[in-house]
Amino acid sequence: MNNRIIVDVLVEASRLLETKGWNKFAMARNDRGEAVNLDSSEASCYCLSGALCMAWRAVDPANEEFYFKYFEKKFSDVLRESHGFDGTFTQWNDSVATSRDHVLNVIQSVITSLLDEGPYKESPPLSPRFLIEQEKRWA
């Protein structure tokens, strides 16, 4: 799998969390805080897992089988290294994460680790917020 596509999925997940919002204990929630189906038009916020799923379905739906296992390992590695957390990213989202910014910072750490792996190792990491602001500016 191409790191650039994986980074695109992570940037899209960040964009969703920035624009829609973040939650715990449900893949998606509506404006009343009720759990809803991930694909529901009523979804107004997502947990980390839900945002990632929506992102890969938007960016690279043909490879959905790849992403969950890949992100489970990648996020677990980053959370272990940077936060000393030894569990799944879903457990981290529900029991440790304190805010949307906390989740966005972990996504940024995963993006940075991917950029460090290549193929464009020399490129400086771009924060999801920077990319979102650029997208707004050019829209």
# chains A, B, ... in the order shown; residues from 1 in each chain; ligands from 1

$ residues_around --residues "Asn37 in chain A" --least-positions-apart "4" --cutoff "9 Å" --atoms "only C-alpha atoms" --output "list of chain:residue names"
A:Met27, A:Ala28, A:Arg29, A:Ser41, A:Glu42, A:Ala43

$ residues_around --residues "range 53-69 of chain A" --least-positions-apart "2" --cutoff "8 Å" --atoms "only C-alpha atoms" --output "PyMOL selection string"
chain A and resi 5+8-10+12-13+16+38-39+49-51+71-73

$ residues_around --residues "Ala26 in chain A" --least-positions-apart "4" --cutoff "12 Å" --atoms "only C-alpha atoms" --output "compact mmCIF listing (two decimals) with N, CA and C atoms, in the first residue's frame"
# COMPACT_ATOMS: atom_id res chain seq x y z
N TRP A 22 -16.02 15.04 17.47
CA TRP A 22 -15.47 13.79 18.02
C TRP A 22 -16.34 13.30 19.16
N ASN A 30 -25.56 11.40 16.67
CA ASN A 30 -26.31 12.50 16.07
C ASN A 30 -26.23 13.73 16.97
N GLY A 33 -26.76 13.34 20.63
CA GLY A 33 -25.83 12.48 21.37
C GLY A 33 -26.16 11.01 21.31
N GLU A 34 -27.14 10.64 20.49
CA GLU A 34 -27.53 9.24 20.35
C GLU A 34 -26.64 8.54 19.34
N ALA A 35 -26.27 7.29 19.63
CA ALA A 35 -25.49 6.51 18.69
C ALA A 35 -26.32 6.27 17.43
N VAL A 36 -25.68 6.47 16.27
CA VAL A 36 -26.34 6.22 14.98
C VAL A 36 -25.41 5.40 14.10
N ASN A 37 -25.98 4.84 13.05
CA ASN A 37 -25.18 4.09 12.08
C ASN A 37 -24.11 5.00 11.50
N LEU A 38 -22.96 4.45 11.26
CA LEU A 38 -21.83 5.21 10.72
C LEU A 38 -22.20 5.95 9.44
N ALA A 43 -25.46 11.50 11.33
CA ALA A 43 -24.18 11.48 12.05
C ALA A 43 -23.59 12.89 12.11
N SER A 44 -23.34 13.33 13.32
CA SER A 44 -22.80 14.69 13.50
C SER A 44 -21.42 14.67 14.14
N CYS A 45 -20.97 13.52 14.61
CA CYS A 45 -19.61 13.39 15.13
C CYS A 45 -19.21 11.92 15.11
N TYR A 46 -17.91 11.69 15.18
CA TYR A 46 -17.36 10.34 15.05
C TYR A 46 -16.30 10.10 16.12
N CYS A 47 -16.15 8.83 16.49
CA CYS A 47 -14.98 8.45 17.29
C CYS A 47 -13.82 8.28 16.31
N LEU A 48 -12.63 8.05 16.82
CA LEU A 48 -11.47 7.88 15.95
C LEU A 48 -11.70 6.76 14.96
N SER A 49 -12.19 5.64 15.42
CA SER A 49 -12.43 4.49 14.55
C SER A 49 -13.46 4.83 13.46
N GLY A 50 -14.53 5.50 13.84
CA GLY A 50 -15.55 5.89 12.87
C GLY A 50 -15.03 6.86 11.84
N ALA A 51 -14.22 7.83 12.28
CA ALA A 51 -13.65 8.81 11.34
C ALA A 51 -12.71 8.12 10.36
N THR A 90 -9.11 2.04 19.65
CA THR A 90 -10.49 2.20 20.08
C THR A 90 -10.56 2.32 21.60
N GLN A 91 -9.79 1.49 22.30
CA GLN A 91 -9.73 1.59 23.76
C GLN A 91 -9.16 2.94 24.18
N ASN A 93 -9.25 5.77 22.45
CA ASN A 93 -10.26 6.80 22.17
C ASN A 93 -11.29 6.87 23.30
N ASP A 94 -11.76 5.72 23.75
CA ASP A 94 -12.85 5.68 24.72
C ASP A 94 -12.41 5.87 26.17

$ closest_residue --among "A:Ser40, A:Gln108, A:Asn2, A:Ser113" --to "Ser14 in chain A" --atoms "only C-alpha atoms"
A:Gln108

$ decode --residues "range 59-97 of chain A" --atoms "C-alpha atoms" --output "PDB file, in the first residue's frame"
ATOM      1  CA  VAL A  59     -10.546   7.959  -0.260  1.00  0.00           C
ATOM      2  CA  ASP A  60      -9.873   4.294  -1.052  1.00  0.00           C
ATOM      3  CA  PRO A  61     -13.002   2.134  -0.688  1.00  0.00           C
ATOM      4  CA  ALA A  62     -11.603  -0.735  -2.760  1.00  0.00           C
ATOM      5  CA  ASN A  63      -9.080  -1.527  -0.021  1.00  0.00           C
ATOM      6  CA  GLU A  64     -11.341  -1.418   3.050  1.00  0.00           C
ATOM      7  CA  GLU A  65     -10.174  -4.871   4.182  1.00  0.00           C
ATOM      8  CA  PHE A  66      -6.603  -3.560   4.471  1.00  0.00           C
ATOM      9  CA  TYR A  67      -7.213  -0.489   6.593  1.00  0.00           C
ATOM     10  CA  PHE A  68      -8.696  -1.700   9.863  1.00  0.00           C
ATOM     11  CA  LYS A  69      -5.897  -4.190  10.567  1.00  0.00           C
ATOM     12  CA  TYR A  70      -3.259  -1.757   9.321  1.00  0.00           C
ATOM     13  CA  PHE A  71      -4.485   1.156  11.444  1.00  0.00           C
ATOM     14  CA  GLU A  72      -4.957  -1.091  14.482  1.00  0.00           C
ATOM     15  CA  LYS A  73      -1.243  -1.962  14.344  1.00  0.00           C
ATOM     16  CA  LYS A  74       0.014   1.478  13.303  1.00  0.00           C
ATOM     17  CA  PHE A  75      -1.952   3.401  15.933  1.00  0.00           C
ATOM     18  CA  SER A  76      -1.042   0.817  18.603  1.00  0.00           C
ATOM     19  CA  ASP A  77       2.656   1.271  17.779  1.00  0.00           C
ATOM     20  CA  VAL A  78       2.418   5.071  17.922  1.00  0.00           C
ATOM     21  CA  LEU A  79       0.336   5.063  21.114  1.00  0.00           C
ATOM     22  CA  ARG A  80       2.800   2.699  22.791  1.00  0.00           C
ATOM     23  CA  GLU A  81       5.832   4.766  21.737  1.00  0.00           C
ATOM     24  CA  SER A  82       4.469   8.250  22.367  1.00  0.00           C
ATOM     25  CA  HIS A  83       1.891   7.740  25.142  1.00  0.00           C
ATOM     26  CA  GLY A  84       2.946   4.522  26.855  1.00  0.00           C
ATOM     27  CA  PHE A  85      -0.527   3.140  26.098  1.00  0.00           C
ATOM     28  CA  ASP A  86      -0.628  -0.591  25.448  1.00  0.00           C
ATOM     29  CA  GLY A  87      -4.048  -1.251  23.945  1.00  0.00           C
ATOM     30  CA  THR A  88      -6.115  -0.692  20.825  1.00  0.00           C
ATOM     31  CA  PHE A  89      -6.781   2.745  19.397  1.00  0.00           C
ATOM     32  CA  THR A  90     -10.489   2.200  20.084  1.00  0.00           C
ATOM     33  CA  GLN A  91      -9.732   1.588  23.765  1.00  0.00           C
ATOM     34  CA  TRP A  92      -7.517   4.673  23.787  1.00  0.00           C
ATOM     35  CA  ASN A  93     -10.261   6.801  22.165  1.00  0.00           C
ATOM     36  CA  ASP A  94     -12.849   5.678  24.720  1.00  0.00           C
ATOM     37  CA  SER A  95     -10.780   5.549  27.912  1.00  0.00           C
ATOM     38  CA  VAL A  96      -7.798   7.890  27.523  1.00  0.00           C
ATOM     39  CA  ALA A  97      -8.451  10.570  24.891  1.00  0.00           C
TER      40      ALA A  97
END
